[in-house]
$ cat target02.cif   # mmCIF, C-alpha atoms
data_structure
loop_
_atom_site.group_PDB
_atom_site.id
_atom_site.type_symbol
_atom_site.label_atom_id
_atom_site.label_comp_id
_atom_site.auth_asym_id
_atom_site.auth_seq_id
_atom_site.Cartn_x
_atom_site.Cartn_y
_atom_site.Cartn_z
ATOM 1 C CA MET A 1 74.568 75.611 112.586
ATOM 2 C CA PRO A 2 77.685 77.173 110.984
ATOM 3 C CA ASP A 3 79.299 80.235 112.463
ATOM 4 C CA THR A 4 78.183 83.471 110.881
ATOM 5 C CA GLU A 5 79.537 86.956 110.964
ATOM 6 C CA ASN A 6 77.851 90.231 110.219
ATOM 7 C CA VAL A 7 78.721 91.840 106.901
ATOM 8 C CA GLU A 8 78.958 95.588 107.211
ATOM 9 C CA VAL A 9 76.949 97.466 104.569
ATOM 10 C CA PRO A 10 78.794 100.667 103.608
ATOM 11 C CA SER A 11 75.857 102.983 104.175
ATOM 12 C CA SER A 12 73.755 104.142 107.060
ATOM 13 C CA GLY A 13 71.292 101.523 108.062
ATOM 14 C CA PRO A 14 71.166 98.153 109.680
ATOM 15 C CA VAL A 15 73.153 95.113 108.615
ATOM 16 C CA VAL A 16 70.985 93.289 106.129
ATOM 17 C CA SER A 17 72.877 90.088 105.368
ATOM 18 C CA HIS A 18 75.053 87.483 106.978
ATOM 19 C CA ALA A 19 78.025 85.706 105.452
ATOM 20 C CA VAL A 20 79.191 82.158 106.091
ATOM 21 C CA LYS A 21 82.811 81.887 107.325
ATOM 22 C CA THR A 22 85.199 80.347 104.783
ATOM 23 C CA ASN A 23 86.257 77.536 107.105
ATOM 24 C CA ALA A 24 82.760 76.153 107.021
ATOM 25 C CA ASN A 25 82.158 73.447 104.434
ATOM 26 C CA PRO A 26 80.591 75.277 101.497
ATOM 27 C CA ASN A 27 79.191 72.000 100.220
ATOM 28 C CA ALA A 28 77.204 71.317 103.359
ATOM 29 C CA ALA A 29 73.473 71.420 102.645
ATOM 30 C CA GLU A 30 72.745 74.039 105.305
ATOM 31 C CA ASN A 31 75.201 76.426 103.595
ATOM 32 C CA ARG A 32 73.536 76.329 100.192
ATOM 33 C CA SER A 33 70.694 78.697 99.551
ATOM 34 C CA SER A 34 69.720 76.632 96.493
ATOM 35 C CA VAL A 35 70.444 73.010 95.613
ATOM 36 C CA SER A 36 71.653 73.665 92.056
ATOM 37 C CA GLY A 37 73.529 76.923 92.700
ATOM 38 C CA ASP A 38 72.980 80.081 90.693
ATOM 39 C CA VAL A 39 76.506 81.472 90.157
ATOM 40 C CA THR A 40 79.159 79.683 88.103
ATOM 41 C CA LEU A 41 82.790 80.488 88.813
ATOM 42 C CA ARG A 42 85.820 79.385 86.836
ATOM 43 C CA PRO A 43 89.505 80.324 86.773
ATOM 44 C CA VAL A 44 90.659 82.745 84.083
ATOM 45 C CA TYR A 45 93.208 80.201 82.844
ATOM 46 C CA PRO A 46 91.126 77.062 82.289
ATOM 47 C CA ASP A 47 93.789 74.638 83.551
ATOM 48 C CA ASP A 48 94.431 76.583 86.759
ATOM 49 C CA VAL A 49 93.016 75.254 90.013
ATOM 50 C CA PHE A 50 91.695 77.211 92.979
ATOM 51 C CA GLN A 51 91.168 75.107 96.082
ATOM 52 C CA TYR A 52 88.869 77.212 98.246
ATOM 53 C CA GLY A 53 88.292 74.659 101.042
ATOM 54 C CA GLU A 54 90.291 72.204 103.087
ATOM 55 C CA ASN A 55 89.681 69.246 100.785
ATOM 56 C CA GLU A 56 90.958 68.734 97.237
ATOM 57 C CA GLU A 57 87.347 68.240 96.116
ATOM 58 C CA ASP A 58 86.646 71.871 97.112
ATOM 59 C CA SER A 59 88.295 73.136 93.939
ATOM 60 C CA ILE A 60 87.369 75.189 90.929
ATOM 61 C CA THR A 61 88.965 74.411 87.571
ATOM 62 C CA GLY A 62 88.129 74.068 83.892
ATOM 63 C CA LEU A 63 86.144 75.991 81.324
ATOM 64 C CA LYS A 64 82.817 74.808 82.734
ATOM 65 C CA GLY A 65 83.644 75.925 86.260
ATOM 66 C CA ARG A 66 81.515 75.164 89.242
ATOM 67 C CA SER A 67 78.176 76.442 90.519
ATOM 68 C CA PHE A 68 77.549 78.014 93.880
ATOM 69 C CA SER A 69 74.885 79.956 95.645
ATOM 70 C CA ARG A 70 75.344 83.711 95.569
ATOM 71 C CA SER A 71 76.520 83.920 99.170
ATOM 72 C CA GLU A 72 79.029 81.072 98.733
ATOM 73 C CA ALA A 73 80.314 82.621 95.519
ATOM 74 C CA ASP A 74 80.858 85.965 97.261
ATOM 75 C CA GLU A 75 82.899 84.279 99.985
ATOM 76 C CA ILE A 76 84.938 82.343 97.460
ATOM 77 C CA LEU A 77 85.560 85.464 95.396
ATOM 78 C CA LYS A 78 86.770 87.240 98.521
ATOM 79 C CA SER A 79 89.076 84.339 99.325
ATOM 80 C CA ALA A 80 90.338 84.242 95.750
ATOM 81 C CA GLU A 81 91.114 87.943 95.795
ATOM 82 C CA ALA A 82 92.967 87.573 99.098
ATOM 83 C CA ASN A 83 95.046 84.818 97.498
ATOM 84 C CA GLY A 84 95.803 86.773 94.324
ATOM 85 C CA VAL A 85 93.556 84.652 92.117
ATOM 86 C CA GLN A 86 91.141 85.915 89.450
ATOM 87 C CA LEU A 87 87.897 84.008 89.089
ATOM 88 C CA LEU A 88 85.388 84.630 86.331
ATOM 89 C CA GLU A 89 81.666 84.655 86.916
ATOM 90 C CA VAL A 90 80.340 82.766 83.936
ATOM 91 C CA LYS A 91 77.201 84.261 82.449
ATOM 92 C CA PRO A 92 74.448 81.737 81.800
ATOM 93 C CA GLU A 93 73.965 80.820 78.118
ATOM 94 C CA GLY A 94 71.409 82.992 76.383
ATOM 95 C CA ASP A 95 72.053 85.934 78.653
ATOM 96 C CA GLY A 96 72.426 88.817 76.210
ATOM 97 C CA SER A 97 73.550 91.318 78.846
ATOM 98 C CA MET B 98 116.301 132.479 52.356
ATOM 99 C CA SER B 99 114.813 130.512 55.251
ATOM 100 C CA PHE B 100 112.724 127.376 55.143
ATOM 101 C CA ASN B 101 110.444 126.038 57.879
ATOM 102 C CA PRO B 102 109.219 122.484 57.317
ATOM 103 C CA ARG B 103 105.591 121.918 58.174
ATOM 104 C CA TYR B 104 104.998 120.048 61.435
ATOM 105 C CA ASN B 105 102.563 119.771 64.329
ATOM 106 C CA PRO B 106 104.352 119.676 67.687
ATOM 107 C CA ASP B 107 101.164 118.470 69.432
ATOM 108 C CA PHE B 108 101.491 115.205 67.518
ATOM 109 C CA VAL B 109 104.952 114.503 68.900
ATOM 110 C CA LEU B 110 104.205 112.268 71.850
ATOM 111 C CA THR B 111 105.990 110.593 74.716
ATOM 112 C CA GLY B 112 104.490 108.479 77.464
ATOM 113 C CA PRO B 113 104.173 104.927 78.667
ATOM 114 C CA ALA B 114 102.038 102.074 77.389
ATOM 115 C CA GLN B 115 100.088 99.396 79.192
ATOM 116 C CA LEU B 116 99.986 95.737 78.220
ATOM 117 C CA TRP B 117 97.087 93.477 79.227
ATOM 118 C CA VAL B 118 97.020 89.689 78.923
ATOM 119 C CA GLN B 119 94.415 86.946 79.043
ATOM 120 C CA PRO B 120 94.492 83.283 78.064
ATOM 121 C CA TRP B 121 93.586 82.401 74.486
ATOM 122 C CA VAL B 122 90.418 80.282 74.441
ATOM 123 C CA PHE B 123 89.393 78.535 71.231
ATOM 124 C CA GLY B 124 86.128 79.979 69.921
ATOM 125 C CA THR B 125 86.132 82.925 72.331
ATOM 126 C CA PRO B 126 88.395 85.642 70.902
ATOM 127 C CA ALA B 127 89.613 88.349 73.244
ATOM 128 C CA ALA B 128 87.585 91.544 73.063
ATOM 129 C CA MET B 129 88.633 95.182 73.249
ATOM 130 C CA PRO B 130 87.279 96.963 76.354
ATOM 131 C CA ALA B 131 84.189 99.090 75.915
ATOM 132 C CA ASP B 132 84.686 102.620 74.594
ATOM 133 C CA THR B 133 83.375 103.846 77.951
ATOM 134 C CA VAL B 134 86.607 102.692 79.616
ATOM 135 C CA GLU B 135 88.839 105.719 79.753
ATOM 136 C CA LEU B 136 92.600 105.662 79.156
ATOM 137 C CA GLY B 137 94.217 103.960 82.132
ATOM 138 C CA GLY B 138 90.903 102.477 83.247
ATOM 139 C CA LEU B 139 90.316 98.887 84.237
ATOM 140 C CA TRP B 140 90.005 96.321 81.492
ATOM 141 C CA THR B 141 87.605 93.847 83.030
ATOM 142 C CA SER B 142 88.441 90.225 83.737
ATOM 143 C CA PRO B 143 89.711 88.036 82.120
ATOM 144 C CA TRP B 144 92.140 90.812 81.183
ATOM 145 C CA ARG B 145 95.035 91.217 83.630
ATOM 146 C CA ALA B 146 97.600 94.024 83.554
ATOM 147 C CA ILE B 147 101.159 92.750 83.202
ATOM 148 C CA GLY B 148 102.285 95.104 85.952
ATOM 149 C CA ALA B 149 105.491 97.044 86.435
ATOM 150 C CA THR B 150 108.218 96.973 83.804
ATOM 151 C CA LYS B 151 111.831 98.006 84.113
ATOM 152 C CA GLU B 152 111.993 100.038 80.909
ATOM 153 C CA GLY B 153 108.441 100.249 79.633
ATOM 154 C CA VAL B 154 106.913 98.387 76.717
ATOM 155 C CA THR B 155 108.447 98.160 73.246
ATOM 156 C CA GLY B 156 106.481 97.373 70.128
ATOM 157 C CA ARG B 157 108.336 96.053 67.095
ATOM 158 C CA PHE B 158 106.981 95.529 63.601
ATOM 159 C CA SER B 159 109.125 94.099 60.824
ATOM 160 C CA ARG B 160 108.386 93.125 57.271
ATOM 161 C CA THR B 161 110.717 91.178 55.012
ATOM 162 C CA VAL B 162 110.294 91.749 51.324
ATOM 163 C CA GLN B 163 111.384 90.331 48.018
ATOM 164 C CA ASN B 164 112.514 92.889 45.482
ATOM 165 C CA ILE B 165 111.089 92.453 41.985
ATOM 166 C CA THR B 166 113.659 93.756 39.526
ATOM 167 C CA ILE B 167 113.935 94.143 35.769
ATOM 168 C CA GLU B 168 116.913 94.681 33.567
ATOM 169 C CA GLU B 169 115.629 98.032 32.375
ATOM 170 C CA GLN B 170 115.454 99.676 35.788
ATOM 171 C CA MET B 171 118.146 99.867 38.426
ATOM 172 C CA THR B 172 115.711 100.192 41.326
ATOM 173 C CA PRO B 173 113.143 97.477 42.102
ATOM 174 C CA VAL B 174 109.842 97.825 40.257
ATOM 175 C CA ASP B 175 107.998 96.254 43.113
ATOM 176 C CA GLN B 176 108.431 94.730 46.542
ATOM 177 C CA LYS B 177 106.404 91.813 47.802
ATOM 178 C CA THR B 178 106.039 90.823 51.443
ATOM 179 C CA THR B 179 107.543 87.433 52.197
ATOM 180 C CA GLY B 180 107.189 87.583 55.957
ATOM 181 C CA SER B 181 106.257 89.866 58.821
ATOM 182 C CA GLN B 182 106.525 89.895 62.559
ATOM 183 C CA PHE B 183 104.770 91.931 65.212
ATOM 184 C CA THR B 184 106.096 91.667 68.757
ATOM 185 C CA PHE B 185 105.786 93.416 72.090
ATOM 186 C CA THR B 186 108.612 93.144 74.597
ATOM 187 C CA ALA B 187 109.049 94.222 78.188
ATOM 188 C CA GLN B 188 111.114 93.406 81.253
ATOM 189 C CA LEU B 189 108.452 92.496 83.781
ATOM 190 C CA SER B 190 109.362 93.657 87.254
ATOM 191 C CA GLU B 191 106.563 92.325 89.469
ATOM 192 C CA ASP B 192 107.913 89.044 90.834
ATOM 193 C CA THR B 193 104.793 86.873 90.899
ATOM 194 C CA LEU B 194 104.033 83.401 89.602
ATOM 195 C CA ASP B 195 101.777 84.996 86.980
ATOM 196 C CA THR B 196 104.766 86.996 85.719
ATOM 197 C CA ILE B 197 106.942 83.890 85.633
ATOM 198 C CA ARG B 198 104.249 82.007 83.725
ATOM 199 C CA ASP B 199 103.966 84.837 81.182
ATOM 200 C CA ALA B 200 107.727 84.938 80.728
ATOM 201 C CA TYR B 201 108.328 81.185 80.530
ATOM 202 C CA GLY B 202 105.647 80.650 77.907
ATOM 203 C CA GLY B 203 102.827 79.086 79.849
ATOM 204 C CA GLY B 204 101.913 76.709 82.611
ATOM 205 C CA THR B 205 99.288 76.091 85.253
ATOM 206 C CA ILE B 206 98.964 77.623 88.692
ATOM 207 C CA THR B 207 97.284 75.760 91.522
ATOM 208 C CA THR B 208 96.277 77.925 94.481
ATOM 209 C CA ILE B 209 95.320 76.507 97.856
ATOM 210 C CA ALA B 210 93.550 79.046 100.033
ATOM 211 C CA ALA B 211 94.521 79.119 103.689
ATOM 212 C CA ALA B 212 92.158 77.180 105.876
ATOM 213 C CA THR B 213 92.151 75.763 109.397
ATOM 214 C CA SER B 214 95.515 73.998 109.838
ATOM 215 C CA VAL B 215 96.236 74.545 106.130
ATOM 216 C CA LYS B 216 98.777 77.124 104.942
ATOM 217 C CA GLY B 217 97.862 78.993 101.819
ATOM 218 C CA LYS B 218 100.171 78.390 98.884
ATOM 219 C CA LYS B 219 100.500 78.420 95.112
ATOM 220 C CA LYS B 220 102.182 76.000 92.739
ATOM 221 C CA LEU B 221 103.316 76.813 89.202
ATOM 222 C CA VAL B 222 103.981 73.969 86.780
ATOM 223 C CA ILE B 223 105.664 75.317 83.647
ATOM 224 C CA GLY B 224 104.185 73.943 80.439
ATOM 225 C CA ASP B 225 106.243 71.648 78.247
ATOM 226 C CA GLU B 226 104.663 73.364 75.275
ATOM 227 C CA LEU B 227 103.916 77.006 74.651
ATOM 228 C CA SER B 228 100.513 78.265 75.716
ATOM 229 C CA TYR B 229 98.672 80.855 73.726
ATOM 230 C CA ILE B 230 97.500 84.125 75.162
ATOM 231 C CA ALA B 231 95.918 87.312 73.909
ATOM 232 C CA ILE B 232 97.447 90.700 74.550
ATOM 233 C CA GLY B 233 95.955 94.150 74.670
ATOM 234 C CA PHE B 234 97.917 97.366 74.270
ATOM 235 C CA GLU B 235 96.927 100.878 75.312
ATOM 236 C CA THR B 236 98.689 104.230 75.216
ATOM 237 C CA PHE B 237 98.133 107.948 74.587
ATOM 238 C CA ALA B 238 97.016 109.014 71.149
ATOM 239 C CA THR B 239 97.343 112.346 69.397
ATOM 240 C CA PRO B 240 95.162 115.098 70.911
ATOM 241 C CA ARG B 241 91.980 116.173 69.141
ATOM 242 C CA ALA B 242 90.148 119.495 69.466
ATOM 243 C CA GLY B 243 86.922 119.215 71.437
ATOM 244 C CA LEU B 244 87.642 115.804 72.904
ATOM 245 C CA THR B 245 86.793 115.920 76.604
ATOM 246 C CA GLU B 246 88.771 112.861 77.682
ATOM 247 C CA THR B 247 92.358 111.857 77.129
ATOM 248 C CA PRO B 248 92.609 110.187 73.732
ATOM 249 C CA TRP B 249 93.702 106.571 73.692
ATOM 250 C CA ARG B 250 95.122 104.173 71.157
ATOM 251 C CA ARG B 251 94.325 100.493 71.632
ATOM 252 C CA LEU B 252 94.875 97.231 69.892
ATOM 253 C CA VAL B 253 94.273 93.587 70.684
ATOM 254 C CA ILE B 254 96.309 90.726 69.259
ATOM 255 C CA PRO B 255 94.005 87.767 69.823
ATOM 256 C CA LYS B 256 96.701 85.068 69.769
ATOM 257 C CA VAL B 257 100.343 85.391 70.735
ATOM 258 C CA SER B 258 102.982 83.185 72.243
ATOM 259 C CA SER B 259 105.686 84.137 74.686
ATOM 260 C CA ALA B 260 109.082 82.706 73.841
ATOM 261 C CA ALA B 261 112.367 84.330 74.800
ATOM 262 C CA GLU B 262 115.508 83.653 76.750
ATOM 263 C CA VAL B 263 114.557 84.756 80.249
ATOM 264 C CA GLU B 264 117.433 85.668 82.510
ATOM 265 C CA THR B 265 116.587 86.840 86.022
ATOM 266 C CA PRO B 266 119.405 88.093 88.250
ATOM 267 C CA TYR B 267 118.886 87.763 92.013
ATOM 268 C CA ARG B 268 120.931 90.618 93.467
ATOM 269 C CA ARG B 269 121.032 92.083 96.934
ATOM 270 C CA ALA B 270 120.944 95.729 95.901
ATOM 271 C CA GLU B 271 122.192 96.198 92.322
ATOM 272 C CA SER B 272 118.839 95.779 90.551
ATOM 273 C CA GLN B 273 115.409 94.289 90.911
ATOM 274 C CA ARG B 274 114.442 90.878 89.581
ATOM 275 C CA VAL B 275 113.217 91.139 86.023
ATOM 276 C CA TYR B 276 111.528 88.660 83.681
ATOM 277 C CA PRO B 277 112.007 89.618 80.017
ATOM 278 C CA VAL B 278 109.058 88.711 77.815
ATOM 279 C CA THR B 279 108.577 88.736 74.076
ATOM 280 C CA PHE B 280 105.023 88.337 72.838
ATOM 281 C CA THR B 281 104.904 87.332 69.165
ATOM 282 C CA SER B 282 101.725 87.664 67.114
ATOM 283 C CA LEU B 283 100.410 84.392 65.712
ATOM 284 C CA VAL B 284 97.563 85.919 63.712
ATOM 285 C CA PRO B 285 97.728 87.534 60.271
ATOM 286 C CA ILE B 286 98.804 91.160 60.393
ATOM 287 C CA SER B 287 95.485 92.115 58.807
ATOM 288 C CA ALA B 288 93.671 90.585 61.783
ATOM 289 C CA ILE B 289 95.076 93.242 64.108
ATOM 290 C CA GLU B 290 93.010 96.424 64.277
ATOM 291 C CA ILE B 291 94.357 99.560 65.910
ATOM 292 C CA TYR B 292 91.792 101.985 67.307
ATOM 293 C CA GLU B 293 92.125 105.623 68.331
ATOM 294 C CA LEU B 294 89.665 107.783 70.219
ATOM 295 C CA ASN B 295 88.996 110.886 68.142
ATOM 296 C CA ALA B 296 85.797 112.552 69.287
ATOM 297 C CA ASP B 297 83.143 112.531 71.983
ATOM 298 C CA ALA B 298 79.851 110.797 71.335
ATOM 299 C CA LEU B 299 77.165 113.081 69.938
ATOM 300 C CA PRO B 300 74.110 113.811 72.126
#
$ encode --input "target02.cif" --output "structure tokens"
Amino acid sequence: MPDTENVEVPSSGPVVSHAVKTNANPNAAENRSSVSGDVTLRPVYPDDVFQYGENEEDSITGLKGRSFSRSEADEILKSAEANGVQLLEVKPEGDGS
Amino acid sequence: MSFNPRYNPDFVLTGPAQLWVQPWVFGTPAAMPADTVELGGLWTSPWRAIGATKEGVTGRFSRTVQNITIEEQMTPVDQKTTGSQFTFTAQLSEDTLDTIRDAYGGGTITTIAAATSVKGKKKLVIGDELSYIAIGFETFATPRAGLTETPWRRLVIPKVSSAAEVETPYRRAESQRVYPVTFTSLVPISAIEIYELNADALP
């Protein structure tokens, strides 16, 4: 079971979600809320690389990007921001919003 | 007899400008921010502000012409455009790898986030060839009666390249590090549209 930490919600009320620590393997099955992932992230510059984990395979690059569950994507976005990296959330095709 | 030329002092403006950049992607032209973004507001990703500059932003437009002359008239009867150039220059003062990439004309940045037993670091590899980017420009516009927000003037040049001689002094105290950039438009002049906010939306 990976370590978890409470995420503070900036309002009165109980904590309603937990986040997975970034040093856990985001590719491990128990850390994915869905098998296919529902958020696609890619770097702003398509040839840039953001390695979010310990291994080179834990990288995001290219125009197509990489899919993650919402909770994983939030952690990666936080890590990217801390490292001065912009990541784009790619809207699914056909989404007119 | 006295003579007072007509003028409007409210239209004489000073003030800084902001440059935004994003990579040029074939088939996905850069878009102006929504009209709901006020002057100085955030242009959403993939736009990135170029940051601090030593002496602000300078826009430069030049047109070279060919005079059409006839024997019967001493002044040209016409002038035809043979070339034009539209550039924005600045001395970037935020010393980051993104700034260096913008100034040197392109490259790729690899970022490794810190992890257990792994130090976080970035690596910039400067491109052998120029990369293309898009730039956005924003500044004050002339005031308009009834407008409830500060008027802006904006333009987007969807494809530019950055090529200049970049000299960066590393001094103890004399001056900060600067990275001069020159962004040159690579699209027809008629493809650049300049917008100004003139009036509030009607109810």
$ residues_near_point --input "target02.cif" --point "(96.9, 88.1, 72.2)" --cutoff "8 Å" --atoms "only C-alpha atoms" --output "ChimeraX atom specification"
/B:118-121,127,229-233,253-258,282
$ closest_atom_pairs --input "target02.cif" --of "chain A" --to "chain B" --cutoff "12 Å" --atoms "all atoms listed in the file" --output "JSON lines"
{"residue": "A:Lys21", "atom": "CA", "partner": "B:Ala212", "partner_atom": "CA", "distance": 10.6}
{"residue": "A:Thr22", "atom": "CA", "partner": "B:Ala212", "partner_atom": "CA", "distance": 7.7}
{"residue": "A:Asn23", "atom": "CA", "partner": "B:Ala212", "partner_atom": "CA", "distance": 6.0}
{"residue": "A:Ala24", "atom": "CA", "partner": "B:Ala212", "partner_atom": "CA", "distance": 9.5}
{"residue": "A:Asn25", "atom": "CA", "partner": "B:Ala212", "partner_atom": "CA", "distance": 10.8}
{"residue": "A:Arg42", "atom": "CA", "partner": "B:Pro143", "partner_atom": "CA", "distance": 10.6}
{"residue": "A:Pro43", "atom": "CA", "partner": "B:Pro143", "partner_atom": "CA", "distance": 9.0}
{"residue": "A:Val44", "atom": "CA", "partner": "B:Pro143", "partner_atom": "CA", "distance": 5.7}
{"residue": "A:Tyr45", "atom": "CA", "partner": "B:Pro120", "partner_atom": "CA", "distance": 5.8}
{"residue": "A:Pro46", "atom": "CA", "partner": "B:Pro120", "partner_atom": "CA", "distance": 8.2}
{"residue": "A:Asp47", "atom": "CA", "partner": "B:Thr205", "partner_atom": "CA", "distance": 5.9}
{"residue": "A:Asp48", "atom": "CA", "partner": "B:Ile206", "partner_atom": "CA", "distance": 5.0}
{"residue": "A:Val49", "atom": "CA", "partner": "B:Thr207", "partner_atom": "CA", "distance": 4.6}
{"residue": "A:Phe50", "atom": "CA", "partner": "B:Thr208", "partner_atom": "CA", "distance": 4.9}
{"residue": "A:Gln51", "atom": "CA", "partner": "B:Ile209", "partner_atom": "CA", "distance": 4.7}
{"residue": "A:Tyr52", "atom": "CA", "partner": "B:Ala210", "partner_atom": "CA", "distance": 5.3}
{"residue": "A:Gly53", "atom": "CA", "partner": "B:Ala212", "partner_atom": "CA", "distance": 6.7}
{"residue": "A:Glu54", "atom": "CA", "partner": "B:Ala212", "partner_atom": "CA", "distance": 6.0}
{"residue": "A:Asn55", "atom": "CA", "partner": "B:Ile209", "partner_atom": "CA", "distance": 9.6}
{"residue": "A:Glu56", "atom": "CA", "partner": "B:Ile209", "partner_atom": "CA", "distance": 8.9}
{"residue": "A:Glu57", "atom": "CA", "partner": "B:Ile209", "partner_atom": "CA", "distance": 11.6}
{"residue": "A:Asp58", "atom": "CA", "partner": "B:Ile209", "partner_atom": "CA", "distance": 9.9}
{"residue": "A:Ser59", "atom": "CA", "partner": "B:Ile209", "partner_atom": "CA", "distance": 8.7}
{"residue": "A:Ile60", "atom": "CA", "partner": "B:Thr207", "partner_atom": "CA", "distance": 9.9}
{"residue": "A:Thr61", "atom": "CA", "partner": "B:Thr207", "partner_atom": "CA", "distance": 9.3}
{"residue": "A:Gly62", "atom": "CA", "partner": "B:Thr205", "partner_atom": "CA", "distance": 11.4}
{"residue": "A:Leu63", "atom": "CA", "partner": "B:Val122", "partner_atom": "CA", "distance": 9.2}
{"residue": "A:Glu75", "atom": "CA", "partner": "B:Ala210", "partner_atom": "CA", "distance": 11.9}
{"residue": "A:Ile76", "atom": "CA", "partner": "B:Ala210", "partner_atom": "CA", "distance": 9.6}
{"residue": "A:Leu77", "atom": "CA", "partner": "B:Ala210", "partner_atom": "CA", "distance": 11.2}
{"residue": "A:Lys78", "atom": "CA", "partner": "B:Ala210", "partner_atom": "CA", "distance": 10.7}
{"residue": "A:Ser79", "atom": "CA", "partner": "B:Ala210", "partner_atom": "CA", "distance": 7.0}
{"residue": "A:Ala80", "atom": "CA", "partner": "B:Ala210", "partner_atom": "CA", "distance": 7.5}
{"residue": "A:Glu81", "atom": "CA", "partner": "B:Ala210", "partner_atom": "CA", "distance": 10.2}
{"residue": "A:Ala82", "atom": "CA", "partner": "B:Ala210", "partner_atom": "CA", "distance": 8.6}
{"residue": "A:Asn83", "atom": "CA", "partner": "B:Ala210", "partner_atom": "CA", "distance": 6.5}
{"residue": "A:Gly84", "atom": "CA", "partner": "B:Thr208", "partner_atom": "CA", "distance": 8.9}
{"residue": "A:Val85", "atom": "CA", "partner": "B:Thr208", "partner_atom": "CA", "distance": 7.6}
{"residue": "A:Gln86", "atom": "CA", "partner": "B:Ser142", "partner_atom": "CA", "distance": 7.6}
{"residue": "A:Leu87", "atom": "CA", "partner": "B:Ser142", "partner_atom": "CA", "distance": 8.2}
{"residue": "A:Leu88", "atom": "CA", "partner": "B:Ser142", "partner_atom": "CA", "distance": 6.9}
{"residue": "A:Glu89", "atom": "CA", "partner": "B:Ser142", "partner_atom": "CA", "distance": 9.3}
{"residue": "A:Val90", "atom": "CA", "partner": "B:Pro143", "partner_atom": "CA", "distance": 10.9}
$ axis_aligned_box --input "target02.cif" --around "stretch 150-153 of chain B" --padding-each-side "5 Å" --output "AutoDock Vina command-line options"
--center_x 110.1 --center_y 98.6 --center_z 81.9 --size_x 13.8 --size_y 13.3 --size_z 14.5
$ atom_distance --input "target02.cif" --atom1 "atom CA of B:Thr178" --atom2 "atom CA of B:Phe158"
13.1 Å
$ atom_distance --input "target02.cif" --atom1 "atom CA of B:Ala200" --atom2 "atom CA of B:Glu293"
28.7 Å
$ closest_residue --input "target02.cif" --among "B:Pro285, B:Ala128, B:Leu244, B:Glu169" --to "B:Thr141" --atoms "all atoms listed in the file"
B:Ala128
$ resolve_selection --input "target02.cif" --expression "the PyMOL selection byres ((chain B and resi 189) around 7)" --output "VMD selection string"
chain B and resid 149 to 151 187 to 188 190 to 191 196 275 to 277
$ resolve_selection --input "target02.cif" --expression "the PyMOL selection byres ((chain B and resi 177) around 6)" --output "JSON, numbers by chain"
{"B": [162, 163, 176, 178]}
$ resolve_selection --input "target02.cif" --expression "the PyMOL selection byres ((chain B and resi 102-110) around 8)" --output "JSON, numbers by chain"
{"B": [100, 101, 111, 112, 237, 238, 239, 240]}
$ atom_distance --input "target02.cif" --atom1 "atom CA of B:Pro248" --atom2 "atom CA of B:Asn295"
6.7 Å
$ residues_around --input "target02.cif" --residues "B:Phe185" --least-positions-apart "2" --cutoff "6 Å" --atoms "all atoms listed in the file" --output "list of chain:residue names"
B:Thr155, B:Gly156, B:Thr279, B:Phe280
$ closest_residue --input "target02.cif" --among "B:Leu283, B:Leu194, B:Gly202, B:Glu290" --to "B:Ser181" --atoms "all atoms listed in the file"
B:Leu283
